[in-house]
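Peer 1: Quick one: the structure is below, and I'll ask about it shortly.
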Amino acid sequence: FYTLSSRRELRNRPVINFVKEYSRKMGIQAPKLYLVDKAKPLAFSFRSLKSAIFISIGMFEVLNKKEMEAVILHELAHIKQRSSLLNFSASLMKIFSPLSLIAKFHDSGKEESEADSFASRMQKTGTYLRSAKKKIEAFGD
């Protein structure tokens with residue numbers, strides 16, 4: 001909740017243009033872009049009636065341009081898959097229903113893999129996404 005409440009609309013024109021261009025290519029409506037006031041590098045997307053991508057300040061400080069584009073492509077793939085609502089629902093179920101721990105509602109690992117593959121195909125290499133993941137993991141929890 002804090003992460004969502006500590007955000008403001010992103011004003012980075014090159015990132016906005018990149019998202020608009022790839023959203024058009026993907027046949028989806030361009031999501032809103034929000035900057036999250038956190039030092040930890042993180043990015044996530046949400047799709048309901050209106051899609052959005054949330055990117056932390058730390059992400060901009062840690063990643064270079066190509067790595068950032070790989071992460072954004074990954075999040076756009078999630079929006080195209082409409083998976084974020086399922087992830088959100090599954091998270092709520094885990095919080096409110098102990099029975100959800102024994103039931104498998106959806107495979108987020110497969111969706112992550114598909115989003116990674118999409119980003120790699122669009123960039124014609126997996127180098128930038130792998131590099132971004134290493135930098136994010138190196139930042140620690």
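Labeling convention for the structure tokens: chains A, B, ... as they appear, residues from 1 per chain, ligands from 1 in order of appearance.
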Find the spatial neighbours of Leu42 in chain A, counting only C-alpha atoms, within a cut-off of 10 Å - ignore same-chain residues fewer than 2 positions away - and output them as a count of residues only.

Peer 2: 14

Peer 1: Name the residues in contact with Tyr34 in chain A at a cut-off of 12 Å, using only C-alpha atoms, excluding same-chain residues fewer than 3 positions from it; report them as a list in words.

Peer 2: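 Skipping anything fewer than 3 positions along the chain leaves Thr3, Leu4, Ser5, Ser6, Arg7, Arg8, Glu9, Leu10, Arg11, Asn12, Val15, Ile16, Pro31, Asp37, Lys38, Leu42, Ala43, Phe44, Ser45, Phe46, Ser51, Ala52, Ile53, Phe54, Ile55, Ser56 and Ile57 of chain A.
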
Peer 1: Restricting the calculation to only C-alpha atoms, which member of A:Val62, A:Glu69, A:Phe118, A:Arg82 is positioned closest to Leu49 in chain A?

Peer 2: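 Once distances to Leu49 in chain A are computed over only C-alpha atoms, the minimum belongs to A:Arg82.
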
Peer 1: As an exercise, work out the distance from CA of Glu112 in chain A to CA of Lys20 in chain A in Å and give it to one decimal place.

Peer 2: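 Going from CA of Glu112 in chain A over to CA of Lys20 in chain A, I get 22.0 Å.
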
Peer 1: Do you have the CA of Lys135 in chain A-CA of Arg13 in chain A distance handy?

Peer 2: 23.9 Å

Peer 1: Excluding same-chain residues fewer than 5 positions from Lys110 in chain A, what lies within 12 Å of it counting only C-alpha atoms, as a list in words?

Peer 2: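 Listing them by chain and then by number gives His78, Gln81, Ser83, Ala115, Asp116 and Ser117 of chain A.
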
Peer 1: Could you tell me how far CA of Leu73 in chain A sits from CA of Thr127 in chain A, in Å to one decimal place?

Peer 2: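 So the two atoms, CA of Thr127 in chain A and CA of Leu73 in chain A, lie 13.5 Å apart.
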